[in-house]
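Trainee: Sharing coords-v3.txt here; it has compact mmCIF, C-alpha atoms and all ligand atoms.
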# COMPACT_ATOMS: atom_id res chain seq x y z
CA MET C 29 82.66 136.51 119.87
CA TYR C 30 85.74 137.28 117.83
CA LEU C 31 87.12 136.86 114.34
CA VAL C 32 89.74 134.38 113.27
CA ALA C 33 91.27 133.66 109.89
CA ASP C 34 89.89 130.80 107.84
CA ILE C 35 91.68 129.47 104.77
CA ASN C 36 89.63 127.91 102.01
CA VAL C 37 91.52 124.72 101.16
CA GLU C 38 90.29 124.49 97.56
CA ILE C 39 91.31 128.05 96.74
CA CYS C 40 94.62 127.89 98.60
CA ALA C 41 95.64 124.45 97.32
CA ALA C 42 95.30 125.65 93.74
CA LYS C 43 98.18 128.06 94.44
CA SER C 44 99.90 126.97 97.66
CA CYS C 45 102.37 129.81 97.67
CA LYS C 46 103.12 129.73 101.44
CA LEU C 47 103.30 133.52 101.57
CA CYS C 48 100.74 134.12 104.33
CA THR C 49 102.71 131.85 106.65
CA GLN C 50 105.70 134.17 106.38
CA TYR C 51 103.69 137.30 107.21
CA CYS C 52 101.52 136.19 110.11
CA PRO C 53 102.92 137.99 113.16
CA GLU C 54 102.17 135.02 115.40
CA ALA C 55 104.46 131.99 115.45
CA ASN C 56 103.13 128.47 114.83
CA THR C 57 99.76 129.85 113.71
CA ILE C 58 99.44 129.54 109.93
CA LEU C 59 100.75 126.06 109.27
CA TYR C 60 101.19 124.10 106.16
CA SER C 61 100.04 120.60 105.28
CA ASP C 62 101.21 118.66 102.23
CA GLU C 63 98.21 116.38 102.62
CA MET C 64 95.39 118.90 102.77
CA GLY C 65 93.41 119.00 99.53
CA LYS C 66 94.98 115.81 98.15
CA ASP C 67 91.61 114.02 98.49
CA GLN C 68 90.20 116.68 96.15
CA GLY C 69 92.92 116.14 93.58
CA PHE C 70 95.20 119.06 94.51
CA LYS C 71 98.88 118.23 94.38
CA TYR C 72 100.70 120.66 96.64
CA GLY C 73 98.78 120.88 99.90
CA SER C 74 97.33 123.90 101.68
CA ALA C 75 97.93 126.40 104.44
CA TYR C 76 95.61 126.29 107.48
CA VAL C 77 95.18 128.25 110.72
CA ALA C 78 95.64 127.00 114.29
CA VAL C 79 92.71 129.14 115.43
CA ASP C 80 93.59 128.97 119.13
CA ARG C 81 96.69 131.03 118.33
CA CYS C 82 95.14 133.44 115.81
CA LYS C 83 94.74 137.01 117.12
CA GLY C 84 92.45 138.09 114.29
CA CYS C 85 94.61 140.82 112.78
CA ALA C 86 93.72 139.93 109.16
CA GLN C 87 97.22 140.58 107.88
CA CYS C 88 97.13 137.18 106.19
CA VAL C 89 93.96 138.24 104.35
CA TRP C 90 95.79 141.27 102.99
CA VAL C 91 98.77 139.15 101.96
CA CYS C 92 96.67 136.51 100.21
CA ASP C 93 94.48 139.11 98.45
CA ASN C 94 97.19 141.58 97.46
CA MET C 95 100.48 139.69 97.26
CA ALA C 96 99.38 136.15 96.36
CA LYS C 97 96.33 137.55 94.53
CA ASN C 98 94.42 134.44 95.50
CA ASN C 99 91.67 135.58 97.95
CA ALA C 100 91.75 132.31 99.87
CA ILE C 101 91.45 133.73 103.41
CA LYS C 102 88.38 135.22 105.12
CA MET C 103 87.83 136.42 108.67
CA ILE C 104 85.06 134.43 110.33
CA MET C 105 83.48 134.51 113.79
CA ILE C 106 85.03 131.63 115.65
CA ASP C 107 81.66 130.06 116.50
CA GLN C 108 80.69 130.11 112.82
CA LEU C 109 83.56 127.81 111.89
CA PRO C 110 82.18 124.29 111.80
CA LYS C 111 85.60 122.69 112.15
CA ALA C 112 89.07 124.08 112.55
CA ALA C 113 92.63 123.18 113.49
CA LEU C 114 93.68 123.57 117.12
CA THR C 115 97.25 123.27 118.39
CA ASP C 116 96.42 120.14 120.39
CA ASN C 117 95.30 118.33 117.24
CA ILE C 118 98.30 119.20 115.08
CA THR C 119 101.09 116.74 114.41
CA TYR C 120 104.45 117.88 113.12
CA GLY C 121 106.22 115.65 110.61
CA GLU C 122 109.56 115.82 108.85
CA LYS C 123 108.69 118.53 106.33
CA SER C 124 105.02 119.24 106.88
CA THR C 125 102.24 119.02 109.44
CA THR C 126 98.87 117.30 109.65
CA ALA C 127 95.79 118.41 111.55
CA VAL C 128 92.65 116.68 112.71
CA LEU C 129 89.90 119.29 112.44
CA ALA C 130 87.50 119.74 115.36
CA SER C 131 84.93 122.21 116.59
CA PRO C 132 86.90 125.27 117.75
CA VAL C 133 84.49 126.33 120.51
CA VAL C 134 83.59 124.34 123.56
CA GLY C 135 79.93 123.81 124.34
CA MET N 13 123.65 126.23 126.29
CA SER N 14 123.89 123.49 123.82
CA LEU N 15 121.62 121.05 122.12
CA ASP N 16 121.29 119.26 125.46
CA TYR N 17 119.51 122.02 127.30
CA VAL N 18 116.30 121.53 125.36
CA LYS N 19 116.16 117.78 125.70
CA PHE N 20 113.93 115.98 128.19
CA SER N 21 115.41 114.72 131.42
CA ASN N 22 114.93 110.98 131.71
CA GLY N 23 111.42 110.08 132.80
CA PHE N 24 110.00 113.58 132.33
CA GLU N 25 108.95 113.37 128.70
CA LYS N 26 105.39 112.29 129.42
CA PHE N 27 104.82 115.24 131.72
CA MET N 28 105.94 117.84 129.22
CA PRO N 29 103.29 119.90 127.40
CA LYS N 30 102.68 119.14 123.74
CA GLU N 31 104.22 122.45 122.64
CA TYR N 32 107.45 121.54 124.40
CA ARG N 33 107.57 118.05 122.92
CA ASP N 34 106.90 119.47 119.46
CA MET N 35 109.73 121.91 119.95
CA VAL N 36 112.25 119.28 121.02
CA GLU N 37 111.26 116.87 118.27
CA HIS N 38 110.37 119.23 115.43
CA GLY N 39 111.96 122.55 116.36
CA PRO N 40 114.93 124.25 114.68
CA PHE N 41 117.57 123.09 117.14
CA GLY N 42 120.61 121.54 115.53
CA LYS N 43 119.11 121.91 112.04
CA LYS N 44 119.23 124.51 109.34
CA VAL N 45 115.79 126.06 108.96
CA SER N 46 114.79 129.01 106.82
CA VAL N 47 111.96 131.50 106.60
CA SER N 48 110.68 129.72 103.49
CA GLN N 49 110.01 126.65 105.66
CA VAL N 50 107.90 128.34 108.34
CA GLY N 51 104.59 126.60 108.82
CA SER N 52 106.30 123.22 108.49
CA PHE N 53 108.40 123.10 111.65
CA LYS N 54 107.79 124.13 115.26
CA GLU N 55 109.07 127.63 115.90
CA VAL N 56 110.77 128.50 119.19
CA LEU N 57 108.54 131.52 119.81
CA GLU N 58 105.45 130.72 121.88
CA GLU N 59 102.25 132.65 122.57
CA HIS N 60 102.76 136.09 124.09
CA PRO N 61 100.76 139.21 124.93
CA MET N 62 101.93 141.62 122.18
CA CYS N 63 99.08 143.29 120.28
CA ALA N 64 97.31 141.62 117.36
CA GLY N 65 98.92 142.50 114.05
CA CYS N 66 102.00 144.15 115.56
CA ALA N 67 104.83 144.37 113.02
CA MET N 68 107.35 144.16 115.84
CA THR N 69 105.96 140.73 116.67
CA LEU N 70 106.42 139.63 113.07
CA PHE N 71 109.99 140.92 113.05
CA ILE N 72 110.85 139.10 116.29
CA ARG N 73 109.32 135.92 114.91
CA LEU N 74 111.37 136.15 111.71
CA ALA N 75 114.54 137.02 113.63
CA MET N 76 114.20 133.90 115.75
CA VAL N 77 113.79 131.76 112.65
CA ALA N 78 116.89 133.40 111.19
CA PHE N 79 119.27 132.89 114.14
CA PRO N 80 122.02 130.69 112.71
CA ASN N 81 122.36 128.58 115.90
CA PRO N 82 119.29 129.08 118.12
CA GLU N 83 120.58 126.49 120.59
CA ASP N 84 123.69 128.60 121.13
CA THR N 85 122.02 131.99 121.30
CA ILE N 86 121.09 134.26 124.21
CA THR N 87 118.82 137.26 123.68
CA VAL N 88 119.06 140.40 125.79
CA GLY N 89 116.21 142.86 126.11
CA THR N 90 114.91 145.74 128.13
CA ALA N 91 111.68 147.49 129.04
CA GLY N 92 109.39 148.01 126.05
CA CYS N 93 106.95 145.95 124.03
CA GLY N 94 109.41 143.57 122.39
CA ARG N 95 110.45 141.81 125.59
CA LEU N 96 106.88 140.57 126.00
CA ALA N 97 107.50 138.22 123.07
CA ILE N 98 111.28 137.79 123.13
CA SER N 99 110.98 136.35 126.63
CA GLN N 100 108.43 133.74 125.49
CA ALA N 101 110.78 131.66 123.36
CA ALA N 102 112.91 128.58 123.88
CA ILE N 103 115.99 130.80 123.76
CA PRO N 104 117.47 132.06 127.04
CA PHE N 105 116.55 135.71 127.58
CA VAL N 106 118.29 138.20 129.86
CA TYR N 107 116.35 141.23 131.04
CA GLY N 108 117.94 144.06 133.00
CA ASN N 109 117.00 147.61 133.85
CA TYR N 110 115.67 149.91 131.19
CA GLY N 111 118.51 150.92 128.91
CA ASP N 112 121.31 148.72 130.26
CA GLN N 113 120.97 146.03 127.58
CA ASN N 114 124.22 146.78 125.75
CA GLY N 115 126.16 146.89 129.00
CA VAL N 116 124.67 143.55 130.07
CA ALA N 117 125.35 142.08 126.64
CA SER N 118 128.97 143.26 126.74
CA GLY N 119 129.61 141.38 129.98
CA LEU N 120 127.66 138.39 128.79
CA SER N 121 129.46 138.01 125.49
CA ARG N 122 132.85 138.41 127.15
CA GLY N 123 131.92 135.86 129.82
CA LEU N 124 130.74 133.37 127.21
CA ARG N 125 134.02 133.72 125.34
CA LEU N 126 135.98 133.04 128.53
CA ARG N 127 133.85 130.02 129.31
CA PHE N 128 133.44 128.51 125.85
CA GLY N 129 136.48 129.75 123.95
CA ASP N 130 136.10 129.55 120.22
CA LYS N 131 132.77 127.73 120.25
CA PRO N 132 130.33 130.35 118.99
CA LYS N 133 127.74 131.57 121.49
CA ASP N 134 125.68 134.34 119.95
CA VAL N 135 124.39 137.30 121.94
CA VAL N 136 121.61 139.30 120.33
CA VAL N 137 120.16 142.47 121.86
CA MET N 138 116.66 143.44 120.78
CA ALA N 139 115.31 146.67 122.24
CA GLY N 140 112.96 149.47 121.28
CA ASP N 141 113.93 152.81 119.80
CA GLY N 142 113.49 154.45 123.22
CA GLY N 143 115.61 151.76 124.86
CA THR N 144 118.31 152.01 122.20
CA ALA N 145 118.51 155.63 121.10
CA ASP N 146 117.35 157.45 124.27
CA ILE N 147 117.64 155.66 127.59
CA GLY N 148 120.31 153.15 126.53
CA PHE N 149 122.12 155.51 124.16
CA GLN N 150 125.32 155.86 126.14
CA GLN N 151 125.74 152.12 126.70
CA VAL N 152 124.87 151.34 123.09
CA LEU N 153 127.42 153.80 121.69
CA HIS N 154 130.15 152.74 124.09
CA SER N 155 129.65 149.06 123.34
CA TRP N 156 130.14 149.92 119.65
CA PHE N 157 133.23 152.05 120.28
CA ARG N 158 134.64 149.12 122.27
CA LYS N 159 133.82 146.83 119.33
CA GLU N 160 131.95 144.39 121.57
CA ARG N 161 131.15 141.32 119.56
CA PHE N 162 127.39 140.99 119.67
CA THR N 163 124.41 142.13 117.60
CA THR N 164 122.23 145.11 118.49
CA ILE N 165 118.79 145.25 116.92
CA MET N 166 116.65 148.34 117.26
CA LEU N 167 112.92 147.56 117.06
CA ASP N 168 112.03 151.02 115.79
CA ASN N 169 108.33 151.77 116.10
CA GLU N 170 109.16 155.49 116.31
CA VAL N 171 107.41 155.86 119.68
CA TYR N 172 107.40 154.63 123.27
CA GLY N 173 104.71 152.06 122.55
CA ASN N 174 104.68 150.21 125.84
CA THR N 175 103.93 153.31 127.90
CA GLY N 176 101.29 154.87 125.70
CA GLY N 177 102.80 157.14 123.10
CA GLN N 178 105.66 159.41 124.15
CA GLU N 179 108.03 160.66 121.43
CA SER N 180 111.48 159.14 121.19
CA GLY N 181 114.63 160.37 119.48
CA MET N 182 113.63 158.13 116.58
CA THR N 183 110.17 159.68 116.15
CA ASN N 184 109.84 161.66 112.95
CA ARG N 185 109.85 165.44 113.15
CA GLY N 186 106.28 166.73 113.31
CA ALA N 187 104.70 163.45 114.42
CA VAL N 188 101.78 164.05 116.81
CA LEU N 189 101.44 161.40 119.49
CA LYS N 190 99.13 160.99 122.46
CA MET N 191 101.78 162.29 124.81
CA ALA N 192 103.47 164.58 122.29
CA PRO N 193 100.37 166.59 121.33
CA LEU N 194 102.28 169.54 119.87
CA GLY N 195 104.21 167.34 117.48
CA LYS N 196 107.87 166.44 117.70
CA LYS N 197 110.13 169.43 117.18
CA PHE N 198 113.39 167.68 116.24
CA GLU N 199 114.60 165.42 113.46
CA LYS N 200 114.70 161.63 113.71
CA MET N 201 118.12 160.61 115.05
CA ASP N 202 120.53 159.15 112.52
CA MET N 203 121.57 156.06 114.45
CA VAL N 204 122.79 154.36 111.29
CA GLN N 205 125.41 157.04 110.75
CA MET N 206 126.37 156.89 114.41
CA ALA N 207 126.83 153.13 114.20
CA LYS N 208 129.21 153.60 111.30
CA VAL N 209 131.15 156.37 113.03
CA ALA N 210 131.41 154.19 116.15
CA GLY N 211 132.98 151.43 114.07
CA CYS N 212 130.27 148.79 113.66
CA ALA N 213 131.32 146.10 111.20
CA TYR N 214 127.81 145.64 109.83
CA VAL N 215 124.91 148.08 109.72
CA ALA N 216 121.58 147.44 108.01
CA THR N 217 118.14 149.00 107.84
CA VAL N 218 115.22 146.75 107.09
CA VAL N 219 111.42 146.56 107.12
CA PRO N 220 109.55 143.32 107.85
CA ASN N 221 107.52 143.33 104.64
CA ASN N 222 110.38 141.38 103.10
CA PRO N 223 110.80 138.30 105.34
CA ARG N 224 113.67 136.79 103.35
CA ARG N 225 115.62 140.02 103.59
CA VAL N 226 115.05 140.12 107.35
CA GLU N 227 116.43 136.60 107.49
CA SER N 228 119.47 137.52 105.43
CA VAL N 229 120.44 140.59 107.49
CA ILE N 230 119.98 138.79 110.81
CA LYS N 231 122.19 135.90 109.72
CA LYS N 232 124.95 138.18 108.49
CA ALA N 233 124.83 140.39 111.59
CA VAL N 234 124.99 137.44 113.99
CA LEU N 235 127.81 135.69 112.10
CA ILE N 236 129.93 138.84 111.78
CA ALA N 237 129.52 139.57 115.51
CA ARG N 238 131.08 136.22 116.34
CA GLU N 239 134.53 137.44 115.42
CA VAL N 240 134.73 140.74 113.62
CA GLY N 241 132.95 143.28 115.84
CA SER N 242 129.70 145.01 116.72
CA THR N 243 126.79 144.71 114.32
CA TYR N 244 123.66 146.85 114.17
CA ILE N 245 120.28 146.29 112.55
CA GLN N 246 117.66 149.02 112.61
CA ALA N 247 114.24 147.62 111.78
CA TYR N 248 111.06 149.60 111.20
CA THR N 249 108.47 147.72 113.24
CA SER N 250 105.37 149.91 113.32
CA CYS N 251 103.16 150.32 116.38
CA ASN N 252 99.64 149.93 115.03
CA ILE N 253 98.18 151.13 118.32
CA GLU N 254 100.02 154.43 118.76
CA TYR N 255 99.97 155.26 115.04
CA ALA N 256 96.39 154.00 114.53
CA ILE N 257 97.27 151.70 111.65
CA PRO N 258 94.44 149.24 110.95
CA THR N 259 95.96 145.79 111.48
CA ASP N 260 95.18 144.63 107.96
CA LYS N 261 97.05 147.68 106.62
CA VAL N 262 100.27 147.13 108.55
CA MET N 263 102.13 145.81 105.51
CA GLU N 264 100.86 148.69 103.36
CA ASP N 265 102.22 151.08 105.97
CA ALA N 266 105.53 149.20 106.03
CA LYS N 267 105.83 149.62 102.28
CA ALA N 268 105.00 153.33 102.46
CA VAL N 269 107.55 153.91 105.23
CA GLU N 270 110.12 151.83 103.38
CA ASN N 271 109.73 154.10 100.37
CA ASP N 272 109.79 157.23 102.52
CA ARG N 273 112.59 156.81 105.07
CA TYR N 274 113.41 153.12 105.49
CA GLN N 275 114.94 151.98 102.23
CA PHE N 276 117.00 148.83 102.59
CA THR N 277 120.61 149.80 103.27
CA GLU N 278 123.49 147.57 104.18
CA TYR N 279 127.05 148.49 105.13
CA VAL N 280 129.56 145.66 105.49
CA SER N 281 133.15 146.46 106.47
CA GLU N 282 135.90 145.04 104.27
CA GLU N 283 137.02 142.77 107.10
CA ALA N 284 133.47 141.49 107.57
CA LYS N 285 133.07 140.84 103.84
CA GLN N 286 136.25 138.80 103.82
CA TYR N 287 135.18 136.91 106.94
CA LEU N 288 131.73 136.00 105.56
CA THR N 289 133.29 134.92 102.27
CA GLU N 290 136.08 132.83 103.70
CA ARG N 291 134.42 131.42 106.79
CA TYR N 292 130.82 131.01 105.70
CA GLY N 293 131.07 130.72 101.94
CA TYR N 294 129.18 133.92 101.09
CA LYS N 295 129.45 134.64 97.38
CA GLU N 296 127.96 138.11 97.19
CA PHE N 297 131.16 139.92 98.16
CA LEU N 298 133.39 138.22 95.62
CA ALA N 299 134.81 140.62 93.05
CA LYS N 300 132.55 140.69 90.03
CA PRO N 301 134.21 139.93 86.69
CA ALA N 302 135.06 143.23 85.00
CA ALA N 303 132.34 144.29 82.62
CA ALA N 304 133.29 144.30 78.96
CA ILE N 305 134.33 147.79 77.92
CA PRO N 306 131.85 149.03 75.33
CA ASN N 307 133.41 149.91 72.01
CA LYS N 308 133.58 153.59 71.46
CA ALA N 309 132.39 154.67 68.10
C1 LIG P 401 114.18 153.21 134.34
C2 LIG P 401 112.81 153.07 133.74
N1 LIG P 401 112.15 154.17 133.33
C3 LIG P 401 110.94 154.07 132.77
C4 LIG P 401 110.38 152.83 132.57
C5 LIG P 401 109.00 152.74 131.95
N2 LIG P 401 109.02 152.27 130.59
C6 LIG P 401 108.73 150.98 130.30
S1 LIG P 401 108.73 150.68 128.66
C7 LIG P 401 109.09 152.30 128.32
C8 LIG P 401 109.17 152.82 126.92
C9 LIG P 401 109.52 151.83 125.89
O1 LIG P 401 109.69 152.47 124.66
P1 LIG P 401 110.65 151.84 123.58
O2 LIG P 401 111.98 151.53 124.17
O3 LIG P 401 110.64 152.70 122.37
O4 LIG P 401 109.98 150.42 123.26
P2 LIG P 401 108.52 150.11 122.68
O5 LIG P 401 107.63 149.86 123.85
O6 LIG P 401 108.06 151.24 121.83
O7 LIG P 401 108.73 148.87 121.89
C10 LIG P 401 109.23 153.05 129.50
C11 LIG P 401 109.49 154.49 129.54
C12 LIG P 401 111.08 151.70 133.02
N3 LIG P 401 110.60 150.46 132.86
N4 LIG P 401 112.28 151.84 133.59
S1 LIG P 402 98.78 133.32 100.72
FE1 LIG P 402 96.82 132.44 100.10
S2 LIG P 402 97.34 131.01 98.42
FE2 LIG P 402 99.25 131.49 99.47
S3 LIG P 402 99.45 129.82 100.98
FE3 LIG P 402 98.39 131.52 102.02
S4 LIG P 402 96.21 131.08 101.78
FE4 LIG P 402 97.33 129.81 100.31
S1 LIG P 403 94.47 136.91 111.33
FE1 LIG P 403 96.55 137.57 111.95
S2 LIG P 403 97.09 136.20 113.65
FE2 LIG P 403 95.35 135.27 112.57
S3 LIG P 403 96.32 133.88 111.10
FE3 LIG P 403 95.94 135.82 110.02
S4 LIG P 403 97.85 136.96 110.22
FE4 LIG P 403 97.92 135.30 111.74
S1 LIG P 404 101.65 148.84 121.73
FE1 LIG P 404 102.35 148.99 119.61
S2 LIG P 404 104.46 148.16 119.56
FE2 LIG P 404 103.47 147.53 121.49
S3 LIG P 404 102.67 145.47 121.06
FE3 LIG P 404 101.01 146.95 120.69
S4 LIG P 404 101.14 147.46 118.49
FE4 LIG P 404 103.09 146.48 119.08
For the structure just supplied, provide its representation as structure tokens.
Mentor:
Amino acid sequence: MYLVADINVEICAAKSCKLCTQYCPEANTILYSDEMGKDQGFKYGSAYVAVDRCKGCAQCVWVCDNMAKNNAIKMIMIDQLPKAALTDNITYGEKSTTAVLASPVVG
Amino acid sequence: MSLDYVKFSNGFEKFMPKEYRDMVEHGPFGKKVSVSQVGSFKEVLEEHPMCAGCAMTLFIRLAMVAFPNPEDTITVGTAGCGRLAISQAAIPFVYGNYGDQNGVASGLSRGLRLRFGDKPKDVVVMAGDGGTADIGFQQVLHSWFRKERFTTIMLDNEVYGNTGGQESGMTNRGAVLKMAPLGKKFEKMDMVQMAKVAGCAYVATVVPNNPRRVESVIKKAVLIAREVGSTYIQAYTSCNIEYAIPTDKVMEDAKAVENDRYQFTEYVSEEAKQYLTERYGYKEFLAKPAAAIPNKA
């Protein structure tokens, strides 16, 4: 098993600074959705991770903890994530993306 | 090389992978995108085998977002880690023998000018410190003395990363590496000074812990190379494998190295300043209004 980054929507959406997205070494991996968290009353959306692209470096954790000072990201074993975003289930829009969350491991 | 080369041929759209469709429909081609918008559009860089947490990967990613016209850009690379990612993007990539990248880029940029005239086609070389300052040194310097109009970017991880840790001319004096067990005996080469002596119109040093600054220097370097002359960016892009930097400490290391030997520096020739101001509306080089002279008591 291996670790991937998991972003807590409630904690992220309270700040939504979009910093981690700029520091992840991998392209198209930490994405941003204007919609995420709206159902819980948050206005500005949240970052989320396309876990099939995440290499588990935890740089985003450092950025969220130390630069954003928001502690919204944790490293989690991929089979412990109940649902996650995968590239195949992500739709790009004009200025944002949306993701249908699914189980990240097959079987 | 134009917006057309990324589009689907008639009837093929349904056979294209999702990533490709996303790139055509929501990629940066023909639009202005910026680093502050990453995460909201499809980037041209795809998955690649560079190590987890590698700062060089981050720099390459940011550079590709910053290219002013990605649809009119060709990258040139050489042996070393960076090509493993640079080659996996929706931007044509030319790969030659180790160290010949600035020779290849010279021919390429001249050929593009013959073929396309004034329409800008940007050539950007990205190569390691070994590829740039050691093996490719002669071709790099000569392309600068000839004022070839393309951008050279050194991905400086201060080691031969791809082959397991030999010292390069850019390694710091005293650094102990797997294949330099006695420690390097000579100083780090001053390629920035050499670029200035050789007549580059733009020279900058940068570290990827400031993504917006990376974006700004890449844009300036590429634009200036269109008409004014050679441009050179030297980026510290640590190798977390050969320098044993824990991946979640890569940005801390970048900050420490920035403070130690990689402060942001930028040299812009007078001609390049004028060109950026007049052609691209840059405001930062305009003469500042004279400060009020303080009254002397
Ligand atoms: C002519 C030739 N000699 C040697 C090599 C083997 N080789 C591949 S990559 C490399 C070193 C790369 O170091 P650097 O340019 O600093 O890039 P890095 O991998 O550190 O990014 C060498 C020696 C080669 N490919 N071709
Ligand atoms: S750095 Fe933290 S708060 Fe900012 S967008 Fe990323 S997860 Fe959200
Ligand atoms: S762990 Fe690394 S690869 Fe994964 S999302 Fe975070 S920064 Fe990106
Ligand atoms: S060996 Fe070093 S420079 Fe090469 S990909 Fe890995 S961390 Fe990056």
Trainee: I'd like the interatomic distance between CA of Ile98 (chain N) and CA of Arg238 (chain N), to a tenth of an Å.
Mentor: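 Interatomic distance, CA of Ile98 (chain N) to CA of Arg238 (chain N): 21.0 Å.
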Trainee: Quick one: which chain N residues come within 12 Å of ligand LIG 402 (chain P), and what is the nearest atom pair for each with the distance in Å to one decimal, counting only C-alpha atoms and all ligand atoms, rows ordered by chain and ascending number, as CSV?
Mentor:
residue,atom,partner,partner_atom,distance
N:Ser48,CA,P:LIG402,S3,11.5
N:Gln49,CA,P:LIG402,S3,12.0
N:Val50,CA,P:LIG402,S3,11.3
N:Gly51,CA,P:LIG402,S3,9.9
Trainee: With C-alpha atoms retained, could you export that selection as a CSV table (one decimal), in the coordinates of the input?
Mentor:
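What ended up in out-v1.csv:
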chain,number,residue,atom,x,y,z
N,48,SER,CA,110.7,129.7,103.5
N,49,GLN,CA,110.0,126.6,105.7
N,50,VAL,CA,107.9,128.3,108.3
N,51,GLY,CA,104.6,126.6,108.8
Trainee: In Å, rounded to a single decimal, give me how far CA of Val234 (chain N) is from CA of His154 (chain N).
Mentor: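 Between CA of His154 (chain N) and CA of Val234 (chain N) the gap works out to 19.0 Å.
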Trainee: Could you give me, as a ChimeraX atom specification, the residues within 9 Å of Ala145 (chain N), counting all atoms listed in the file and dropping anything in the same chain fewer than 3 positions from it?
Mentor: /N:140-142,148-150,152,166,180-182,201,203
Trainee: For a quick test of understanding: name the residues of chain C lying within 7 Å of chain N when counting only C-alpha atoms, and present them as a list of chain:residue names.
Mentor: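 Matching residues, ligands excluded from the count: C:Thr49, C:Gln50, C:Tyr51, C:Cys52, C:Pro53, C:Glu54, C:Ala55, C:Asn56, C:Ile58, C:Leu59, C:Tyr60, C:Lys83, C:Gly84, C:Cys85, C:Ala86, C:Gln87, C:Trp90, C:Tyr120, C:Lys123, C:Ser124, C:Thr125.
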Trainee: Give me the residues within 10 Å of Asp93 (chain C) as an MDAnalysis selection string, counting all atoms listed in the file and dropping any in the same chain fewer than 6 places off.
Mentor: chainID C and resid 48 87 99:102
Trainee: Would you write out those residues with C-alpha atoms, as a PDB file, keeping the file's coordinate frame?
Mentor:
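Wrote part_23.pdb, looks like this:
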ATOM      1  CA  CYS C  48     100.740 134.120 104.330  1.00  0.00           C
ATOM      2  CA  GLN C  87      97.220 140.580 107.880  1.00  0.00           C
ATOM      3  CA  ASN C  99      91.670 135.580  97.950  1.00  0.00           C
ATOM      4  CA  ALA C 100      91.750 132.310  99.870  1.00  0.00           C
ATOM      5  CA  ILE C 101      91.450 133.730 103.410  1.00  0.00           C
ATOM      6  CA  LYS C 102      88.380 135.220 105.120  1.00  0.00           C
TER       7      LYS C 102
END
Trainee: Mind listing the residues within 10 Å of ligand LIG 401 (chain P), only C-alpha atoms and all ligand atoms counted, as a ChimeraX atom specification?
Mentor: /N:62,68,89-96,108-112,138-148,166-183,249-251,254
Trainee: Distance CA of Gln286 (chain N)-CA of Ala299 (chain N), one decimal place?
Mentor: 11.0 Å
Trainee: So which residues are close to (116.2, 136.0, 109.1), meaning at most 6 Å away in the file's coordinates with all atoms listed in the file counted, and can you show them as an MDAnalysis selection string?
Mentor: chainID N and resid 74:75 78 226:228 230
Trainee: List the residues sitting within 10 Å of (81.5, 136.1, 112.5) in the file's frame, using only C-alpha atoms, as a ChimeraX atom specification.
Mentor: /C:29-32,103-109
Trainee: What's the 12 Å shell around Gly69 (chain C), counting all atoms listed in the file, without same-chain residues fewer than 3 positions away, as a PyMOL selection string?
Mentor: chain C and resi 37-38+41-42+63-66+72-73
Trainee: Save N, CA and C atoms of region 90-100 of chain N from the block above as a PDB file, in the first residue's frame.
Mentor:
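Saved to part.pdb:
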ATOM      1  N   THR N  90      18.147  17.386 -23.270  1.00  0.00           N
ATOM      2  CA  THR N  90      19.287  16.482 -23.441  1.00  0.00           C
ATOM      3  C   THR N  90      19.253  15.433 -22.328  1.00  0.00           C
ATOM      4  N   ALA N  91      20.229  14.563 -22.308  1.00  0.00           N
ATOM      5  CA  ALA N  91      20.262  13.531 -21.279  1.00  0.00           C
ATOM      6  C   ALA N  91      20.200  14.178 -19.898  1.00  0.00           C
ATOM      7  N   GLY N  92      19.603  13.487 -18.946  1.00  0.00           N
ATOM      8  CA  GLY N  92      19.421  14.053 -17.607  1.00  0.00           C
ATOM      9  C   GLY N  92      17.978  13.844 -17.190  1.00  0.00           C
ATOM     10  N   CYS N  93      17.695  14.127 -15.928  1.00  0.00           N
ATOM     11  CA  CYS N  93      16.360  13.830 -15.404  1.00  0.00           C
ATOM     12  C   CYS N  93      15.259  14.620 -16.088  1.00  0.00           C
ATOM     13  N   GLY N  94      15.488  15.897 -16.346  1.00  0.00           N
ATOM     14  CA  GLY N  94      14.419  16.781 -16.800  1.00  0.00           C
ATOM     15  C   GLY N  94      13.693  16.288 -18.039  1.00  0.00           C
ATOM     16  N   ARG N  95      14.454  15.698 -18.970  1.00  0.00           N
ATOM     17  CA  ARG N  95      13.811  15.267 -20.231  1.00  0.00           C
ATOM     18  C   ARG N  95      12.728  14.217 -19.997  1.00  0.00           C
ATOM     19  N   LEU N  96      12.800  13.528 -18.862  1.00  0.00           N
ATOM     20  CA  LEU N  96      11.788  12.495 -18.588  1.00  0.00           C
ATOM     21  C   LEU N  96      10.405  13.121 -18.459  1.00  0.00           C
ATOM     22  N   ALA N  97      10.349  14.375 -17.987  1.00  0.00           N
ATOM     23  CA  ALA N  97       9.065  15.073 -17.904  1.00  0.00           C
ATOM     24  C   ALA N  97       8.838  15.980 -19.107  1.00  0.00           C
ATOM     25  N   ILE N  98       9.888  16.712 -19.511  1.00  0.00           N
ATOM     26  CA  ILE N  98       9.706  17.694 -20.594  1.00  0.00           C
ATOM     27  C   ILE N  98       9.149  17.010 -21.838  1.00  0.00           C
ATOM     28  N   SER N  99       9.562  15.744 -22.032  1.00  0.00           N
ATOM     29  CA  SER N  99       9.108  15.011 -23.218  1.00  0.00           C
ATOM     30  C   SER N  99       7.655  14.568 -23.107  1.00  0.00           C
ATOM     31  N   GLN N 100       7.073  14.625 -21.908  1.00  0.00           N
ATOM     32  CA  GLN N 100       5.707  14.106 -21.722  1.00  0.00           C
ATOM     33  C   GLN N 100       4.685  15.239 -21.677  1.00  0.00           C
TER      34      GLN N 100
END
